[in-house]
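First the structure, in the form of structure tokens, and then the observations on it.
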Amino acid sequence: MTDRIKAGLTRLFEEHRIVFWYDAARDLRAEYEAVDLDGVEKVEIANNEFGLKYRMLRVEPKQKFLVFRDGPEPEMADNWLLDVQLATAVFKADQEAIWLAELGLPGAFEAVVREHMEFYRSSGRIEALKRLIRAADQKSDVLRRMLAVCAGAEGELDTVIEALLGQLAEKRDDGMRLIERANLGDFFWTQVKNAYGYASDSPDFEDFAITLFQSSYLMAMDEDGKLNGEARLMFQRWKNNRLGAEAFGTLSDEYQDLLKIEADVKGRSLKALRPADHFEATDRQIIRLLVEAMASQTVSSPEVVKITRERRQSHWYDRYADIYLALAHAAEFQQLLAEANLTMSSPADGVKRYVSSWFKIDQAYRKFIHHMQRSGQASLLGALFESIENRYTTHFLLAMNDAWQDQIAKLEKWKIDGYAQQRDFYLDQAAEFRRLKVPQKVVVIISDALRFEVAEECLREIRSLNRFDAELKPMIASLPSYTQLGMAALLPNTALTVKGDGNVTSHGMPTQGTPNREKVLAMGRAGDRVKAMKAADFMGLRGDEAKELFRDHDILYLYHNRIDIVGDKLATEDRVFEAAEDAIKDLTKLVRKLTSANFSNILITADHGFLYQHRELHETDFSVADPSGEEILVRNRRFVIGRGLQETAGMKKFSPEALGLAGDPDILIPNSINRLRVKGAGSRFVHGGATLQEVVIPVLRVGKRREEDVGKVEVQIVVTGRGLISSGQTAVVLYQVQPVSEKQQQRVLRAGIFAKDGTLISDEHLLTFDYTSDNPREREMPLKFLLSREADRFNNQEVFLKLQEQRGKTSHFDDYTSQRFQLRRGIATDFDF
């Protein structure tokens, strides 16, 4: 008690030179005697009023005095020190007065303490309240601060509600019970009614929470709810705040069944549901409607992409990200196929068209299948998959490669004019660095079955790294397009000979296996120090070991096998697109480690590409004819090697000379995408044939720049008219200046409307700007802001739409750009949502 009395007196003496203390109950003499305040003289009233007055006012006019009277304060007519007292302060030592003094509040606030005594029985709550109280607070402000303390919040009523919602999600009611015990219940519910429109004869917080969810959902559908627009705004802020996200998810799951949302969303259109993410059922229904519309082709591809982009703002997006991505890639596939003209005038024209645009159809198909598999929702996506698979197989793979087959049929030699041949790779591309005036070191990464379209995605990943540059060019694989021949063709080679077991020799030396390949590699340029090893072994080297490898060698061949090792097995071929994703990650990491080890010239290529169809093949997908001849040495799904092979319907025969091979074996290649029947082998992932997907392989050249070259896209606020906000909501357009590319990366911004003093007066949006379109109109983002009741205080003032960017991984946001508006609303409290 003495400490609190001392604290109360100290605060009074901060503003007054003289303080009176009347001990009306004559029970605080001991406390008076114990008080010792620096610079304060203690005196007592004992029939010495005139002497005290003369001393305090005349003799010691600067000295601080604590004037104590053992007894109650005299009536005014009998109080000879009344004039002094009225000009100074009176200390009350009763419990209410002590608490008021401790809070620095005047006696006029006595009811704030007296009517809520339970609140003040905790020193922790008093300390918390002291931190929140402001000098200009009125009684109602102090009561609101008390609510915040009870709930464990830090701000106004909205933060109290958010804290109580968090407790409700955890099945706790600590805050509400304390509010009731502290006799703050009536005040709380009055505040809730005034702010959010909640009215009930028997108010209950869970009832309010359920009503809040229901009303916010209905208002998102442009329907009336029981609560007002301010409630919707508070709900959105809480829902979108990462601190409230878990509680929101818990309560939403709980109230979804109670409010029969599953049944409600089934009766709503896709357009109506798009603004909502209050319940998980909304996302599920949006997905169902999108799948149905896409399977029946009743929604445009750009619209699908737009909707899936919008849903990234949904609370539930992470749960359904793979489904949304599958839908977006399916839409991209449909758009690309619709725009494709799958004709060609020559083999060179066919390759040109494939590497400039057609490969994107393979890519979109791969991404769709990959995300469909990851989603685990094969049943949900079943109808869409059937549609995509049928169109991919019939309208793309077959149509394109039938046209390509017509061109191949005219070839006498396996050579496409204007395009590099795989068997010339070492001489023309790898050894090129060694022939420079100042010879440079080079590393070649050969990734087994790295199809051109996978390499193009890898190109973008590598180019997105700071100070990395890369370019991609096509190269034509050797025929048959299988591993042993492709690997041999990438080495220094003469007299490539296919043996009876399918293995290949060069310079008369075997080429299968890393040790043998290193020996053949040494046959290239005299004096070059060469090394061949597995990429995984290189990744296992320490940094100093990798640098020693660079120091001691001129040409390094690294063999990477992620796609082929998965796709070429019957048990795992359906996971080949997952392996392609892993291959891109592997190669990106490999490039980074190589540059860290001082390698600056990096070539990435492949032995062959591949064909893949996700659905089990139909009988008609297999070649009708059976190969025949003097001797069949190797029979594969996509090629036959033998001697004296007969021309066979459905297959094209090549002589070894036509393929640039030594020896006498003939080669049969099934036309277009047909397969041969081979027992026990997988039929969905195949290679060895002559389709564009199998024989157009990548050469990816990677280099390192000295200067930083990666930045973020710019974003502008587009304002039309006078920049005036005249209602409870306002719409703007945000414009992404450049399309996202490898070197111009996405930018994530937080957007909100603020008063001049920094007060947020609207809802906030977290926005990702990652548009890739070259069309400026397709990089516009329309956005609507809802103003809060707090905006009333700033009517007829300037306010600012701010775009803010997070600083690293911190919780701090820096201003990115802003736009000034004039807030001029005719009726400030009219929320016209």
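Letters A, B, ... mark the chains of the structure tokens in the order given; residue numbers begin at 1 per chain; ligand numbers begin at 1, in order shown.
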Sel. of alpha helix (DSSP H) residues, stretch 340-416 of chain A, as a short mmCIF file (atom, residue, chain, number, x, y, z; two decimals) with C-alpha atoms, in the first residue's frame:
data_model
loop_
_atom_site.label_atom_id
_atom_site.label_comp_id
_atom_site.auth_asym_id
_atom_site.auth_seq_id
_atom_site.Cartn_x
_atom_site.Cartn_y
_atom_site.Cartn_z
CA PRO A 347 11.52 -30.77 -91.99
CA ALA A 348 13.34 -27.53 -91.11
CA ASP A 349 10.01 -25.69 -90.96
CA GLY A 350 8.63 -28.38 -88.67
CA VAL A 351 11.54 -28.00 -86.23
CA LYS A 352 11.30 -24.23 -86.39
CA ARG A 353 7.60 -24.28 -85.54
CA PHE A 359 6.71 -27.17 -77.52
CA LYS A 360 4.57 -25.03 -75.17
CA ILE A 361 1.67 -27.43 -75.73
CA ASP A 362 3.83 -30.31 -74.47
CA GLN A 363 4.85 -28.12 -71.56
CA ALA A 364 1.30 -27.14 -70.59
CA TYR A 365 0.21 -30.78 -70.82
CA ARG A 366 3.11 -31.85 -68.60
CA LYS A 367 2.34 -29.20 -66.00
CA PHE A 368 -1.37 -30.12 -66.00
CA ILE A 369 -0.65 -33.83 -65.44
CA HIS A 370 1.96 -33.07 -62.79
CA HIS A 371 -0.32 -30.85 -60.69
CA MET A 372 -3.27 -33.19 -61.20
CA GLN A 373 -1.18 -36.02 -59.77
CA ARG A 374 0.04 -33.88 -56.87
CA SER A 375 -3.49 -32.79 -56.02
CA GLY A 382 -11.44 -36.98 -64.28
CA ALA A 383 -13.71 -35.42 -66.91
CA LEU A 384 -11.24 -32.60 -67.56
CA PHE A 385 -8.37 -35.09 -67.79
CA GLU A 386 -10.25 -37.15 -70.37
CA SER A 387 -10.87 -34.02 -72.43
CA ILE A 388 -7.24 -32.84 -72.21
CA GLU A 389 -5.81 -36.32 -72.82
CA ASN A 390 -7.99 -36.92 -75.88
CA ALA A 399 -1.79 -34.57 -85.86
CA MET A 400 1.60 -32.88 -85.54
CA ASN A 401 3.68 -36.03 -85.89
CA ASP A 402 1.61 -37.36 -88.78
CA ALA A 403 2.44 -34.13 -90.59
CA TRP A 404 6.06 -34.49 -89.47
CA GLN A 405 6.10 -38.09 -90.72
CA ASP A 406 5.14 -36.87 -94.17
CA GLN A 407 8.30 -34.72 -94.14
CA ILE A 408 10.53 -37.51 -92.80
#
Within 8 Å of A:Tyr120 using only C-alpha atoms, minus same-chain residues under 6 positions, as number ranges by chain: A: 99, 113, 126
Identify, on the basis of only C-alpha atoms, every residue whose closest approach to stretch 294-308 of chain A does not exceed 10 Å; exclude the query and any residue fewer than 6 positions from it along the same chain; express the result as a PyMOL selection string. chain A and resi 270-271+274+286-288+317+321+323-336+381-388+778
Considering only strand (DSSP E or B) as DSSP defines it on the backbone, what residues of stretch 483-669 of chain A qualify? List them as a ChimeraX atom specification. /A:497-498,504-506,509-510,530-534,555-560,602-605,611-612,622,629-635,640-645,651-654,662,666-669
What lies within 10 Å of A:Ser202 using only C-alpha atoms, ignoring chain neighbours under 3 positions off, as a list in words? Trp189, Ala199 and Asp207 of chain A
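The two atoms in question, atom CA of A:Phe610 and atom CA of A:Leu556, are spaced 25.7 Å apart.
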Within 8 Å of A:Glu630, counting only C-alpha atoms, which residues show up once you throw out same-chain ones fewer than 2 positions away? Write them as a list in words, please. Ser628, Ile632, Gly642, Arg643, Gly644 and Leu645 of chain A
Close residues, A:Gln716 itself excluded, 7 Å, only C-alpha atoms, min 3 positions apart in chain, as a list in words: Leu734, Tyr735 and Gln736 of chain A
Go ahead and dump the residues you just picked, N, CA, C and O atoms, as a PDB file, in the first residue's frame.
ATOM      1  N   LEU A 734      -4.608  -0.969 -60.600  1.00  0.00           N
ATOM      2  CA  LEU A 734      -3.157  -1.026 -60.442  1.00  0.00           C
ATOM      3  C   LEU A 734      -2.584  -1.641 -61.714  1.00  0.00           C
ATOM      4  O   LEU A 734      -3.119  -2.624 -62.242  1.00  0.00           O
ATOM      5  N   TYR A 735      -1.504  -1.064 -62.195  1.00  0.00           N
ATOM      6  CA  TYR A 735      -0.949  -1.466 -63.491  1.00  0.00           C
ATOM      7  C   TYR A 735       0.486  -1.955 -63.324  1.00  0.00           C
ATOM      8  O   TYR A 735       1.339  -1.254 -62.785  1.00  0.00           O
ATOM      9  N   GLN A 736       0.734  -3.173 -63.788  1.00  0.00           N
ATOM     10  CA  GLN A 736       2.085  -3.735 -63.792  1.00  0.00           C
ATOM     11  C   GLN A 736       2.774  -3.294 -65.078  1.00  0.00           C
ATOM     12  O   GLN A 736       2.357  -3.660 -66.175  1.00  0.00           O
TER      13      GLN A 736
END
Please indicate the distance in Å from atom CA of A:Leu491 to atom CA of A:Ala532, rounded to one decimal place. 10.7 Å
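Interatomic distance, atom CA of A:Glu162 against atom CA of A:Arg177: 15.9 Å.
Nearest residue to A:Ala470 among A:Gln377, A:Ser140, A:Gln214, A:Thr588 is A:Thr588, counting only C-alpha atoms.
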Judged by only C-alpha atoms, the minimum distance to A:Leu783 among A:Cys458, A:Leu823, A:Ile717, A:Val566 is found for A:Ile717
